[in-house]
file start24.txt (compact mmCIF, C-alpha atoms)
# COMPACT_ATOMS: atom_id res chain seq x y z
CA ALA A 1 -34.01 9.71 -34.90
CA GLU A 2 -37.49 10.02 -33.48
CA LYS A 3 -38.03 11.19 -29.92
CA SER A 4 -39.52 7.84 -28.94
CA ASN A 5 -36.69 5.97 -30.64
CA PRO A 6 -33.43 7.94 -30.04
CA PRO A 7 -29.99 6.68 -31.07
CA PHE A 8 -28.18 4.56 -28.48
CA PRO A 9 -25.84 7.30 -27.10
CA ALA A 10 -28.90 9.38 -26.23
CA SER A 11 -30.63 6.34 -24.74
CA MET A 12 -27.67 5.57 -22.50
CA GLU A 13 -27.44 9.23 -21.53
CA ARG A 14 -31.09 9.13 -20.51
CA VAL A 15 -30.32 6.17 -18.25
CA PHE A 16 -27.40 7.99 -16.61
CA VAL A 17 -29.52 11.11 -16.07
CA GLU A 18 -32.14 9.05 -14.25
CA LEU A 19 -29.48 7.41 -12.13
CA ASP A 20 -28.04 10.82 -11.29
CA ARG A 21 -31.52 11.86 -10.14
CA ASN A 22 -31.64 8.74 -7.95
CA ASN A 23 -34.59 7.45 -9.98
CA MET A 24 -33.45 3.85 -10.33
CA THR A 25 -36.87 2.54 -11.39
CA GLN A 26 -37.10 4.87 -14.38
CA ALA A 27 -33.47 4.16 -15.28
CA TYR A 28 -34.16 0.43 -15.19
CA ASN A 29 -37.29 0.76 -17.36
CA SER A 30 -35.41 2.83 -19.94
CA LEU A 31 -32.46 0.44 -19.99
CA MET A 32 -34.69 -2.64 -20.23
CA ALA A 33 -36.57 -1.23 -23.20
CA PHE A 34 -33.35 -0.18 -24.91
CA SER A 35 -31.46 -3.46 -24.35
CA GLU A 36 -34.34 -5.47 -25.79
CA ASN A 37 -34.64 -3.37 -28.97
CA LEU A 38 -32.02 -1.10 -30.51
CA GLY A 39 -29.38 -1.97 -27.94
CA SER A 40 -29.84 -5.73 -28.06
CA LYS A 41 -26.35 -6.16 -29.58
CA LEU A 42 -24.70 -3.43 -27.54
CA ALA A 43 -22.43 -4.86 -24.83
CA LEU A 44 -22.61 -1.74 -22.67
CA ALA A 45 -26.41 -1.88 -22.55
CA HIS A 46 -26.43 -5.47 -21.27
CA GLY A 47 -23.57 -4.79 -18.86
CA TYR A 48 -25.27 -1.83 -17.26
CA ARG A 49 -28.58 -3.66 -17.17
CA GLY A 50 -27.05 -6.60 -15.32
CA THR A 51 -25.33 -4.24 -12.89
CA LEU A 52 -28.52 -2.26 -12.32
CA VAL A 53 -30.57 -5.41 -11.69
CA ALA A 54 -28.09 -6.60 -9.05
CA CYS A 55 -28.10 -3.20 -7.33
CA MET A 56 -31.88 -2.78 -7.43
CA ARG A 57 -32.36 -6.26 -6.01
CA GLU A 58 -30.17 -5.27 -3.07
CA VAL A 59 -32.18 -2.07 -2.51
CA ASP A 60 -35.48 -3.94 -2.88
CA ILE A 61 -34.49 -6.56 -0.29
CA ARG A 62 -33.63 -3.89 2.23
CA ARG A 63 -36.93 -2.10 1.61
CA ARG A 64 -39.02 -5.25 2.00
CA HIS A 65 -37.41 -6.65 5.12
CA THR A 66 -37.12 -4.92 8.45
CA GLU A 67 -33.81 -4.61 10.25
CA ALA A 68 -34.98 -7.17 12.80
CA PHE A 69 -35.42 -9.76 10.04
CA PHE A 70 -32.60 -8.71 7.76
CA ASP A 71 -29.19 -9.36 9.25
CA PRO A 72 -26.61 -8.68 6.51
CA SER A 73 -23.97 -10.89 8.12
CA ALA A 74 -26.33 -13.88 7.87
CA PHE A 75 -26.81 -13.54 4.12
CA HIS A 76 -23.44 -12.35 2.84
CA VAL A 77 -21.28 -15.21 1.68
CA PHE A 78 -17.96 -13.62 2.66
CA SER A 79 -19.04 -10.71 4.81
CA LEU A 80 -16.19 -11.30 7.28
CA SER A 81 -13.44 -11.61 4.70
CA GLU A 82 -10.33 -9.66 5.69
CA SER A 83 -9.32 -8.73 2.17
CA VAL A 84 -12.56 -7.73 0.45
CA GLU A 85 -16.25 -7.41 1.21
CA PHE A 86 -18.78 -9.16 -1.01
CA VAL A 87 -21.69 -6.78 -0.96
CA LEU A 88 -24.48 -8.72 -2.69
CA THR A 89 -26.86 -10.66 -0.50
CA LYS A 90 -26.77 -14.41 -1.02
CA ASP A 91 -29.61 -15.80 -3.11
CA ASP A 92 -32.26 -17.25 -0.80
CA ARG A 93 -35.83 -18.37 -1.42
CA ASP A 94 -36.98 -16.60 1.75
CA LEU A 95 -35.84 -13.25 0.37
CA VAL A 96 -38.57 -11.92 -1.91
CA SER A 97 -37.68 -9.40 -4.60
CA MET A 98 -39.00 -8.38 -7.99
CA PHE A 99 -35.43 -8.55 -9.30
CA ASN A 100 -33.40 -11.74 -9.48
CA LEU A 101 -29.72 -12.49 -9.73
CA ASP A 102 -30.07 -14.91 -12.63
CA ASP A 103 -31.34 -12.06 -14.79
CA ALA A 104 -28.30 -9.99 -13.78
CA ARG A 105 -25.98 -12.91 -14.54
CA VAL A 106 -27.46 -13.49 -18.01
CA HIS A 107 -27.00 -9.86 -19.08
CA LEU A 108 -23.50 -9.58 -17.62
CA GLU A 109 -22.43 -12.76 -19.42
CA LYS A 110 -23.89 -11.44 -22.65
CA ALA A 111 -22.04 -8.15 -22.25
CA LEU A 112 -18.71 -9.95 -21.73
CA SER A 113 -19.34 -12.28 -24.64
CA LEU A 114 -20.17 -9.36 -26.98
CA ASP A 115 -17.12 -7.40 -25.85
CA PRO A 116 -14.52 -9.29 -23.75
CA SER A 117 -12.60 -6.04 -23.24
CA LEU A 118 -15.30 -4.64 -20.93
CA ASP A 119 -13.32 -5.36 -17.79
CA MET A 120 -15.41 -2.87 -15.82
CA PHE A 121 -18.11 -5.54 -15.40
CA ARG A 122 -15.89 -8.43 -14.28
CA ALA A 123 -15.92 -7.54 -10.59
CA ILE A 124 -19.72 -7.22 -10.38
CA TYR A 125 -20.09 -10.42 -12.42
CA ALA A 126 -17.95 -12.24 -9.84
CA GLN A 127 -20.06 -10.74 -7.06
CA VAL A 128 -23.23 -12.07 -8.73
CA LEU A 129 -21.73 -15.56 -9.09
CA VAL A 130 -20.70 -15.57 -5.42
CA ALA A 131 -24.21 -14.52 -4.35
CA LEU A 132 -25.58 -17.38 -6.48
CA ASP A 133 -23.27 -19.72 -4.54
CA ARG A 134 -21.13 -20.41 -7.62
CA VAL A 135 -17.94 -19.55 -5.78
CA GLU A 136 -15.61 -21.77 -7.78
CA ASP A 137 -16.90 -20.34 -11.09
CA ALA A 138 -16.31 -16.84 -9.75
CA ARG A 139 -12.77 -17.68 -8.64
CA LEU A 140 -11.80 -19.27 -11.97
CA ASN A 141 -13.27 -16.34 -13.88
CA LEU A 142 -11.26 -13.88 -11.79
CA GLU A 143 -8.08 -15.97 -12.06
CA ASN A 144 -8.32 -15.97 -15.86
CA TYR A 145 -8.82 -12.22 -15.91
CA TYR A 146 -5.98 -11.61 -13.43
CA GLN A 147 -3.52 -13.36 -15.73
CA LYS A 148 -4.20 -10.64 -18.31
CA CYS A 149 -4.59 -7.66 -15.98
CA ARG A 150 -2.85 -7.42 -12.61
CA ASP A 151 -5.66 -5.52 -10.94
CA LEU A 152 -5.25 -5.19 -7.17
CA HIS A 153 -9.00 -5.30 -6.45
CA ILE A 154 -9.38 -8.48 -8.52
CA LEU A 155 -6.44 -10.02 -6.66
CA LYS A 156 -8.07 -9.29 -3.29
CA MET A 157 -11.28 -10.96 -4.48
CA ILE A 158 -9.34 -14.03 -5.61
CA MET A 159 -7.60 -14.25 -2.24
CA ALA A 160 -10.95 -14.11 -0.45
CA LEU A 161 -12.41 -16.86 -2.64
CA ASP A 162 -9.42 -19.20 -2.47
CA PRO A 163 -10.17 -22.21 -0.25
CA GLN A 164 -6.70 -21.87 1.29
CA GLY A 165 -6.07 -19.37 4.04
CA ILE A 166 -4.73 -16.02 2.91
CA LEU A 167 -1.29 -16.57 4.44
CA GLU A 168 -1.00 -19.95 2.72
CA GLN A 169 -1.42 -18.39 -0.73
CA THR A 170 2.27 -17.73 -1.32
CA GLU A 171 2.02 -16.51 -4.92
CA HIS A 172 -1.00 -14.31 -4.23
CA MET A 173 0.57 -12.84 -1.10
CA LEU A 174 3.78 -12.04 -2.96
CA ASP A 175 1.76 -10.27 -5.66
CA TYR A 176 -0.29 -8.42 -3.05
CA LEU A 177 2.64 -7.17 -0.96
CA GLU A 178 4.51 -6.10 -4.10
CA ALA A 179 1.51 -4.12 -5.35
CA GLU A 180 0.48 -2.74 -1.95
CA PRO A 181 3.50 -1.63 0.12
CA TYR A 182 1.13 -0.08 2.68
CA ALA A 183 -0.73 -3.34 3.36
CA SER A 184 -1.59 -3.90 7.01
CA ALA A 185 1.52 -5.02 8.89
CA GLU A 186 -0.46 -6.94 11.50
CA LYS A 187 -2.72 -8.82 9.07
CA TYR A 188 -0.46 -9.41 6.08
CA PHE A 189 3.18 -8.30 6.13
CA ILE A 190 4.40 -9.60 9.50
CA PRO A 191 2.50 -12.96 9.50
CA PHE A 192 3.43 -13.78 5.91
CA MET A 193 7.07 -12.75 6.13
CA SER A 194 7.40 -14.58 9.45
CA ARG A 195 6.09 -17.76 7.85
CA MET A 196 8.53 -17.38 4.96
CA MET A 197 11.45 -16.75 7.31
CA VAL A 198 10.67 -19.71 9.59
CA ASP A 199 9.11 -22.33 7.32
CA GLY A 200 10.97 -22.24 4.09
CA LEU A 201 13.47 -19.50 3.38
CA ASP A 202 16.45 -21.18 5.06
CA HIS A 203 15.95 -24.33 3.03
CA LEU A 204 15.16 -22.73 -0.33
CA ALA A 205 17.62 -21.81 -3.03
CA ASP A 206 15.14 -20.09 -5.32
CA PRO A 207 16.66 -16.83 -6.61
CA GLU A 208 13.30 -15.57 -7.89
CA LEU A 209 11.70 -15.98 -4.47
CA LEU A 210 14.63 -14.30 -2.75
CA LYS A 211 14.50 -11.44 -5.23
CA ARG A 212 10.79 -10.83 -4.59
CA LEU A 213 11.13 -11.05 -0.82
CA LEU A 214 14.07 -8.64 -0.95
CA SER A 215 12.06 -6.18 -3.02
CA ILE A 216 9.12 -6.37 -0.59
CA ALA A 217 11.38 -5.76 2.42
CA LEU A 218 13.10 -2.79 0.75
CA ASN A 219 9.79 -1.20 -0.24
CA ARG A 220 8.55 -1.59 3.31
CA ILE A 221 11.69 0.07 4.70
CA GLU A 222 11.61 2.96 2.25
CA LEU A 223 7.86 3.64 2.30
CA GLY A 224 6.92 2.56 5.81
CA GLU A 225 7.55 4.00 9.27
CA TYR A 226 11.18 5.01 9.79
CA VAL A 227 11.37 3.46 13.27
CA ASP A 228 9.73 0.15 12.29
CA ILE A 229 12.19 -2.62 13.16
CA TYR A 230 10.55 -5.67 11.56
CA PRO A 231 11.40 -4.85 7.88
CA TRP A 232 15.05 -4.49 8.92
CA GLN A 233 14.97 -7.88 10.62
CA CYS A 234 13.53 -9.37 7.43
CA LEU A 235 16.21 -7.64 5.37
CA GLU A 236 18.99 -8.99 7.58
CA HIS A 237 17.62 -12.53 7.32
CA ILE A 238 17.25 -12.31 3.53
CA LEU A 239 20.77 -10.91 3.15
CA LEU A 240 22.23 -13.77 5.18
CA VAL A 241 20.35 -16.40 3.16
CA THR A 242 21.30 -14.71 -0.12
CA GLN A 243 24.92 -14.64 0.94
CA LYS A 244 24.80 -18.28 2.02
CA CYS A 245 23.22 -19.38 -1.30
CA ASN A 246 25.70 -17.34 -3.40
CA PHE A 247 22.99 -15.12 -4.91
CA TRP A 248 24.58 -11.82 -3.86
CA GLU A 249 24.21 -10.44 -7.39
CA LEU A 250 20.52 -10.01 -6.54
CA VAL A 251 21.49 -7.63 -3.74
CA ASP A 252 23.97 -5.75 -5.92
CA ALA A 253 21.27 -5.22 -8.56
CA GLU A 254 18.84 -3.80 -5.99
CA PHE A 255 21.43 -1.52 -4.39
CA GLN A 256 23.07 -0.25 -7.55
CA ASN A 257 21.24 3.08 -7.19
CA ARG A 258 20.54 2.89 -3.47
CA ARG A 259 23.91 2.94 -1.75
CA HIS A 260 24.51 6.68 -1.88
CA TRP A 261 21.15 7.88 -0.65
CA TRP A 262 20.71 5.04 1.85
CA SER A 263 23.92 6.17 3.56
CA LYS A 264 22.38 9.64 4.00
CA VAL A 265 18.86 8.56 4.98
CA PHE A 266 19.36 5.40 7.05
CA PHE A 267 23.04 5.48 8.08
CA SER A 268 23.69 9.08 9.05
CA ASN A 269 23.23 10.92 12.34
CA ALA A 270 22.26 13.96 10.28
CA ASN A 271 18.76 12.44 10.07
CA VAL A 272 16.89 13.65 13.17
CA LEU A 273 14.64 10.56 13.07
CA SER A 274 17.62 8.39 13.97
CA ARG A 275 17.44 9.75 17.52
CA GLU A 276 14.09 7.97 17.98
CA LEU A 277 15.55 4.51 17.37
CA GLU A 278 15.75 1.93 20.14
CA GLU A 279 18.96 0.03 20.82
CA ASP A 280 17.83 -3.21 19.17
CA ASN A 281 16.71 -1.23 16.11
CA ILE A 282 20.10 0.46 15.92
CA ALA A 283 21.87 -2.88 16.22
CA VAL A 284 20.00 -4.61 13.37
CA ARG A 285 20.51 -1.60 11.09
CA GLU A 286 24.22 -1.62 11.80
CA ARG A 287 24.41 -5.32 10.98
CA CYS A 288 22.58 -4.72 7.68
CA ARG A 289 24.93 -1.84 6.89
CA GLU A 290 27.95 -4.08 7.44
CA LEU A 291 26.49 -6.84 5.27
CA LEU A 292 25.75 -4.32 2.51
CA LYS A 293 29.17 -2.65 2.97
CA ILE A 294 27.68 0.82 2.87
CA ASP A 295 29.78 3.61 4.40
CA THR A 296 28.17 5.88 6.94
CA TYR A 297 27.50 9.39 5.67
CA GLU A 298 30.44 11.81 6.15
CA HIS A 299 32.32 9.10 8.10
CA HIS A 300 30.08 9.67 11.12
CA ASN A 301 28.61 6.64 12.78
CA LEU A 302 24.83 6.85 12.68
CA PHE A 303 24.67 5.14 16.01
CA ASP A 304 26.91 7.46 18.07
CA SER A 305 25.42 8.03 21.51
CA GLU A 306 24.15 11.42 22.60
CA ASP A 307 26.99 11.63 25.14
CA SER A 308 29.65 11.30 22.45
CA THR A 309 27.84 13.90 20.37
CA GLU A 310 27.77 16.30 23.33
CA GLU A 311 31.48 15.66 23.91
CA SER A 312 32.24 16.57 20.31
CA TYR A 313 30.21 19.78 20.71
CA ARG A 314 32.07 20.52 23.99
CA SER A 315 35.49 20.04 22.39
CA GLU A 316 34.50 22.37 19.56
CA ASP A 317 33.46 25.03 22.11
CA GLU A 318 36.79 24.66 23.94
CA GLU A 319 38.67 25.15 20.68
CA ASP A 320 36.66 28.31 20.02
CA ASP A 321 37.58 29.61 23.49
CA ASP A 322 41.26 28.95 22.83
CA LEU A 323 41.08 30.83 19.56
CA GLU A 324 39.46 33.79 21.26
CA SER A 325 42.18 33.89 23.94
CA ASP A 326 44.90 34.07 21.27
CA GLU A 327 43.35 37.08 19.55
CA PRO A 328 44.98 40.52 20.21
CA ALA A 329 43.19 42.90 22.54
CA ASP A 330 40.81 45.39 20.99
CA THR A 331 42.44 48.84 20.73
CA ASP A 332 39.07 50.55 21.24
CA THR A 333 38.60 49.17 24.76
CA GLU A 334 39.38 51.37 27.76
CA SER A 335 42.85 51.24 29.25
CA ASP A 336 43.46 50.66 32.93
CA THR A 337 45.22 54.13 33.09
CA SER A 338 42.85 57.07 33.61
CA LEU A 339 42.77 59.86 31.02
CA SER A 340 43.46 62.36 33.75
CA ASP A 341 46.93 60.85 34.26
CA HIS A 342 47.96 61.64 30.66
CA PRO A 343 50.61 64.49 30.65
CA GLU A 344 48.83 66.76 28.16
CA MET A 345 45.44 66.27 29.78
CA LYS A 346 47.00 66.82 33.23
CA ALA A 347 48.52 70.17 32.06
CA LYS A 348 45.12 71.36 30.83
CA LEU A 349 43.43 70.42 34.03
CA GLU A 350 45.92 72.24 36.29
CA PRO A 351 44.84 75.80 37.16
call {"tool": "encode", "arguments": {"input": "start24.txt", "output": "structure tokens"}}
result
Amino acid sequence: AEKSNPPFPASMERVFVELDRNNMTQAYNSLMAFSENLGSKLALAHGYRGTLVACMREVDIRRRHTEAFFDPSAFHVFSLSESVEFVLTKDDRDLVSMFNLDDARVHLEKALSLDPSLDMFRAIYAQVLVALDRVEDARLNLENYYQKCRDLHILKMIMALDPQGILEQTEHMLDYLEAEPYASAEKYFIPFMSRMMVDGLDHLADPELLKRLLSIALNRIELGEYVDIYPWQCLEHILLVTQKCNFWELVDAEFQNRRHWWSKVFFSNANVLSRELEEDNIAVRERCRELLKIDTYEHHNLFDSEDSTEESYRSEDEEDDDLESDEPADTDTESDTSLSDHPEMKAKLEP
């Protein structure tokens, strides 16, 4: 290949080199020339071009407008979303730029039509649609993709675009809490689980829902803070409903490989963390243990008080003292009788 007309791997490499040098203008010029000639049927070329146009438009807007004029929160469509931030500035006729979002959209759509497997461009494509105020198109596009690939980032974008509130999206919230056991307790876990406990769980006999809620509660217990009481309260409620609805086989399936190590971790006073538990926390754990019929580790009650523990230590010390008193006296210790009183020693000492 000629220097002015290199093969497409070299052309794409040239683009990446310019991007690495932070020379976005030269990268864009190289990519534009390539995507309109040799790379016109290459999905990657169009995908990167659309992505680059969207990014350069954002940079250009910030260069052209002063901070006093440009308030990001005024132009971002979902800048205050709790689950994901949409970073592209909303299309507005008052915002002048040499790059436009429609150009980015056209090339991203062409890339996905040439190669539907290029999932790396689906998130930025949705961002472009949102900035163009085509929110419903973006949501449907993400929903279709999410059915094929359970991507957590895509799910968070869908939740932000859904017209319903996040806590009202039962299916999405179940997916999210299953995929993200460390999700914020204050924003997601506690509000959602509280709604499920109060609004519907007592009146539902859906084994699939109970199974998913049980799995979420168990993951939260096992991966969350040891002293957190709320997951245990959820577990107790779910166990009671499962028992009432005669779905206890769901619990047996979950605890088939858990009973032994749960008794050591959560129901044993050998775990030093158990000493940090409050009384109400201890009580709900004991109720769960009784419902699950799990024996305490080594037949010790996890929830013995410190006084009873000290008494057991004291009784052991008393037994040790009794054993010591029964031992015979050491023959090497000094006798009460002086050596000078011994007959042989007395004879030697007399003049």
call {"tool": "atom_distance", "arguments": {"input": "start24.txt", "atom1": "atom CA of A:Leu108", "atom2": "atom CA of A:Gly50"}}
result
5.2 Å
call {"tool": "atom_distance", "arguments": {"input": "start24.txt", "atom1": "atom CA of A:Val241", "atom2": "atom CA of A:Val284"}}
result
15.6 Å
call {"tool": "atom_distance", "arguments": {"input": "start24.txt", "atom1": "atom CA of A:Gly47", "atom2": "atom CA of A:Ala104"}}
result
8.7 Å
call {"tool": "closest_residue", "arguments": {"input": "start24.txt", "among": "A:Leu38, A:Val128, A:Ser215, A:Asp103", "to": "A:Pro231", "atoms": "all atoms listed in the file"}}
result
A:Ser215
call {"tool": "closest_residue", "arguments": {"input": "start24.txt", "among": "A:Val106, A:Ile216, A:Ile221, A:Leu152", "to": "A:Ala123", "atoms": "all atoms listed in the file"}}
result
A:Leu152
call {"tool": "residues_around", "arguments": {"input": "start24.txt", "residues": "A:Met56", "least_positions_apart": "3", "cutoff": "9 Å", "atoms": "all atoms listed in the file", "output": "MDAnalysis selection string"}}
result
chainID A and resid 24:25 28 51:53 59:61 99
call {"tool": "residues_around", "arguments": {"input": "start24.txt", "residues": "A:Arg195", "least_positions_apart": "6", "cutoff": "12 Å", "atoms": "all atoms listed in the file", "output": "PDB file with C-alpha atoms, in the coordinates of the input"}}
result
ATOM      1  CA  LEU A 167      -1.290 -16.570   4.440  1.00  0.00           C
ATOM      2  CA  GLU A 168      -1.000 -19.950   2.720  1.00  0.00           C
ATOM      3  CA  GLN A 169      -1.420 -18.390  -0.730  1.00  0.00           C
ATOM      4  CA  THR A 170       2.270 -17.730  -1.320  1.00  0.00           C
ATOM      5  CA  MET A 173       0.570 -12.840  -1.100  1.00  0.00           C
ATOM      6  CA  TYR A 188      -0.460  -9.410   6.080  1.00  0.00           C
ATOM      7  CA  PHE A 189       3.180  -8.300   6.130  1.00  0.00           C
ATOM      8  CA  LEU A 201      13.470 -19.500   3.380  1.00  0.00           C
ATOM      9  CA  ASP A 202      16.450 -21.180   5.060  1.00  0.00           C
ATOM     10  CA  CYS A 234      13.530  -9.370   7.430  1.00  0.00           C
TER      11      CYS A 234
END
call {"tool": "residues_near_point", "arguments": {"input": "start24.txt", "point": "(-17.5, -7.6, -7.9)", "cutoff": "10 Å", "atoms": "only C-alpha atoms", "output": "JSON, numbers by chain"}}
result
{"A": [51, 84, 85, 86, 87, 88, 120, 121, 122, 123, 124, 125, 126, 127, 128, 129, 130, 138, 142, 153, 154, 157]}
call {"tool": "write_last_selection", "arguments": {"input": "start24.txt", "atoms": "C-alpha atoms", "output": "short mmCIF file (atom, residue, chain, number, x, y, z; two decimals), keeping the file's coordinate frame"}}
result
data_model
loop_
_atom_site.label_atom_id
_atom_site.label_comp_id
_atom_site.auth_asym_id
_atom_site.auth_seq_id
_atom_site.Cartn_x
_atom_site.Cartn_y
_atom_site.Cartn_z
CA THR A 51 -25.33 -4.24 -12.89
CA VAL A 84 -12.56 -7.73 0.45
CA GLU A 85 -16.25 -7.41 1.21
CA PHE A 86 -18.78 -9.16 -1.01
CA VAL A 87 -21.69 -6.78 -0.96
CA LEU A 88 -24.48 -8.72 -2.69
CA MET A 120 -15.41 -2.87 -15.82
CA PHE A 121 -18.11 -5.54 -15.40
CA ARG A 122 -15.89 -8.43 -14.28
CA ALA A 123 -15.92 -7.54 -10.59
CA ILE A 124 -19.72 -7.22 -10.38
CA TYR A 125 -20.09 -10.42 -12.42
CA ALA A 126 -17.95 -12.24 -9.84
CA GLN A 127 -20.06 -10.74 -7.06
CA VAL A 128 -23.23 -12.07 -8.73
CA LEU A 129 -21.73 -15.56 -9.09
CA VAL A 130 -20.70 -15.57 -5.42
CA ALA A 138 -16.31 -16.84 -9.75
CA LEU A 142 -11.26 -13.88 -11.79
CA HIS A 153 -9.00 -5.30 -6.45
CA ILE A 154 -9.38 -8.48 -8.52
CA MET A 157 -11.28 -10.96 -4.48
#
call {"tool": "closest_residue", "arguments": {"input": "start24.txt", "among": "A:Ala111, A:Leu292, A:Cys245, A:Leu240", "to": "A:Asp206", "atoms": "all atoms listed in the file"}}
result
A:Cys245
